[in-house]
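Visitor: First, the structure itself, so that you have it in front of you.
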Amino acid sequence: MPFEICLQPLYKSLIAESYILLNEGNVKLALFILYSALENFINGYLNMENVEDRLSSKLAAAFK
């Protein structure tokens, strides 16, 4: 069965999309998408999808 991006959790799909963009040479967009994937993973890990806060604050809370 081929890899289906749409069947994966959002952060995994974003990582896959970032990898594709990086291979195409679109580094800036790839890094932005990768940052979005990290933010999505942390929000899901902390169950804070609806909380407006800086990513650095959420990251610190994740590693307490």
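Residue numbering restarts at 1 in every chain; chains get A, B, ... in the order shown in the structure tokens, and ligands count up from 1 in that same order.
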Show which residues sit within 8 Å of Tyr11 (chain A), as a PyMOL selection string. Count only C-alpha atoms, and ignore same-chain residues fewer than 4 positions away.
Guide: chain A and resi 15+36-38+40-41
Visitor: Keeping only N, CA and C atoms, write the selected residues as a compact mmCIF listing (two decimals), in the first residue's frame.
Guide:
# COMPACT_ATOMS: atom_id res chain seq x y z
N ILE A 15 5.09 17.17 7.91
CA ILE A 15 6.49 16.77 7.81
C ILE A 15 6.77 16.19 6.42
N SER A 36 5.23 24.56 11.50
CA SER A 36 3.80 24.31 11.70
C SER A 36 3.55 22.89 12.20
N ALA A 37 4.32 21.93 11.69
CA ALA A 37 4.20 20.54 12.14
C ALA A 37 4.59 20.42 13.61
N LEU A 38 5.67 21.09 14.00
CA LEU A 38 6.10 21.07 15.40
C LEU A 38 5.03 21.67 16.30
N ASN A 40 1.81 21.89 15.69
CA ASN A 40 0.67 20.98 15.73
C ASN A 40 0.92 19.80 16.65
N PHE A 41 2.13 19.24 16.62
CA PHE A 41 2.47 18.12 17.50
C PHE A 41 2.40 18.54 18.96
Visitor: Would you please give, as a ChimeraX atom specification, all residues of chain A that DSSP assigns to helix (DSSP H, G or I) based on the backbone?
Guide: /A:5-7,10-23,27-46,55-62
Visitor: To one decimal in Å, tell me the separation between CA of Tyr45 (chain A) and CA of Phe32 (chain A).
Guide: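 One can read the CA of Tyr45 (chain A) to CA of Phe32 (chain A) distance as 20.0 Å.
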Visitor: What's the separation between CA of Ala62 (chain A) and CA of Asn50 (chain A), in Å to one decimal place?
Guide: 15.8 Å
Visitor: Would you please work out which residue, of A:Glu39, A:Glu24, A:Leu29, A:Glu17, is nearest to Arg54 (chain A) when using only C-alpha atoms?
Guide: A:Glu39
Visitor: In Å, with one decimal, what is the gap from CA of Ser13 (chain A) to CA of Gly25 (chain A)?
Guide: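 CA of Gly25 (chain A) lies at a distance of 18.6 Å from CA of Ser13 (chain A).
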Visitor: Given the choices A:Ile42, A:Asn47, A:Ile20, A:Leu10, which gets closest to Leu59 (chain A) if the distance is worked out from only C-alpha atoms?
Guide: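 Result for the nearest residue to Leu59 (chain A): A:Ile42.
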Visitor: Between A:Leu22, A:Val51, A:Leu46, A:Leu14, single out the one closest to Leu34 (chain A), counting only C-alpha atoms.
Guide: A:Leu14
